Amino acid sequence: MEELDLLKTHWKKADHFPKINKDEIRRMLHKNSSSILRWILFICLAEFIVGLSLKGYYLIYETEKMKNYDIVLEVLGTLATAYFLIVFYKEYNKIKTYTDTKSLMKSILKARSWVKMYIAITMGIIIVQWTFGILDESVFHSFKEGFTDGAGAEHTAAVSNAAMVTIMLTTFTIIGILLLLYYRFVYVRLIQKLKKNYDELVSLES
Amino acid sequence: MNPQAELYFVNLLEENQNILHKICRLYTTDIDAHKDLFQEMVIQLWKAYPSFKGDSKFTTWAYRVALNTAISLYRVKKRKITTVEWDNSLQNIRYEEYDDQQEQQLSSLYSAVRQLNDIEKALVYMYLEDKDYAEISETLGISEVNARVKMNRIKTKLKTMINQEG
């Protein structure tokens, strides 16, 4: 292509850049990176800390109110968090800027996907716990009352059931919307460019 | 890392800084973003420096880390104040040796390249730097055949863009 060759000859002469001296370069070496990798690390660590703090809080202050299955779920959840944290750390350490572009992007997305999985599992555990808790304390209790106390109480139980289900669904919907918003603003914006470039490279190979 | 290594690295980078400037020119549109990306590339190169074994050329290694930073790691900051945009037509270059028509062509070419996506820019960059397809494919992590096919597509795309403009 004639045009691109014209550009090439011009490109090679294009060396009139502002010269950065050694002192400036040395100062730059010790500045903090503002790369998406650093942001991903901070966001992921923040997510782990929030997860662990919630579990810690429940295990320390709410143990008395807990049923056996709650404690089992909390302990499992904490172990899962620790496991995910270790795996994330290992995957994060595998991210090397001197590998080829495709591998680099793949390793960043992989490290991030572990945290995504962690969030999904944590949310899953919370939803199961709440569902069990609500069913256990209110609905079943009301049902029992309904059967023993006669027609009036049965009516109350039905109202109570409907109210509980509505509250549960509303809460889950609100949490779902909040999570979606969070991912849209924090995660998608951060990773969008990387994902687009990765897809472009993958599409070249298909 | 010891001060000697730091000194050596700073010297190498100062000598080869145009590699980074040229990447910045392709991937940024204003002076502040150019400085930001330059700094980020320096940070990433320094972080990765322990991995540089010296068995390959410093420039080959630096190309890879710097391009990876521009494509995968650099986060464009939103600026409230519009900063000075690069002058596409001039690029700080002497134009005396080019006639009017070539000058026009060059200006259109530079602005067309700027409109390509990040991966396409990387291919064009390495092509302009006279890298062979083996190195291009190794840097991007795609096969040599696909690198060649993509480069041909980019050439056609640029041609179409320039013709549309003209």
# chains A, B, ... in the order shown; residues from 1 in each chain; ligands from 1
call {"tool": "interface_residues", "arguments": {"of": "chain A", "to": "chain B", "cutoff": "8 Å", "atoms": "only C-alpha atoms", "output": "VMD selection string"}}
result
chain A and resid 1 3 to 4 6 to 8 11 to 17 20 to 22 25 to 26 28 to 37 96 to 105 190 193 to 194 197 200 to 201 204 to 205
call {"tool": "atom_distance", "arguments": {"atom1": "atom CA of Pro50 of chain B", "atom2": "atom CA of Asn93 of chain A"}}
result
14.4 Å
call {"tool": "residues_around", "arguments": {"residues": "Leu54 of chain A", "least_positions_apart": "3", "cutoff": "12 Å", "atoms": "only C-alpha atoms", "output": "list in words"}}
result
Glu47, Phe48, Ile49, Val50, Gly51, Tyr57, Tyr58, Leu59, Ile60, Tyr61, Glu62, Glu74, Gly77, Thr78, Thr81, Thr122, Met123 and Ile126 of chain A
call {"tool": "atom_distance", "arguments": {"atom1": "atom CA of Thr59 of chain B", "atom2": "atom CA of Leu116 of chain B"}}
result
24.4 Å
call {"tool": "residues_around", "arguments": {"residues": "Ile108 of chain A", "least_positions_apart": "6", "cutoff": "9 Å", "atoms": "only C-alpha atoms", "output": "list in words"}}
result
Leu37, Ile40, Glu91, Tyr92, Lys94, Ile95 and Leu194 of chain A
call {"tool": "select_by_dssp", "arguments": {"residues": "chain A", "states": "alpha helix (DSSP H)", "output": "PyMOL selection string"}}
result
chain A and resi 2-13+22-29+36-61+68-93+101-134+140-149+151-182+189-205
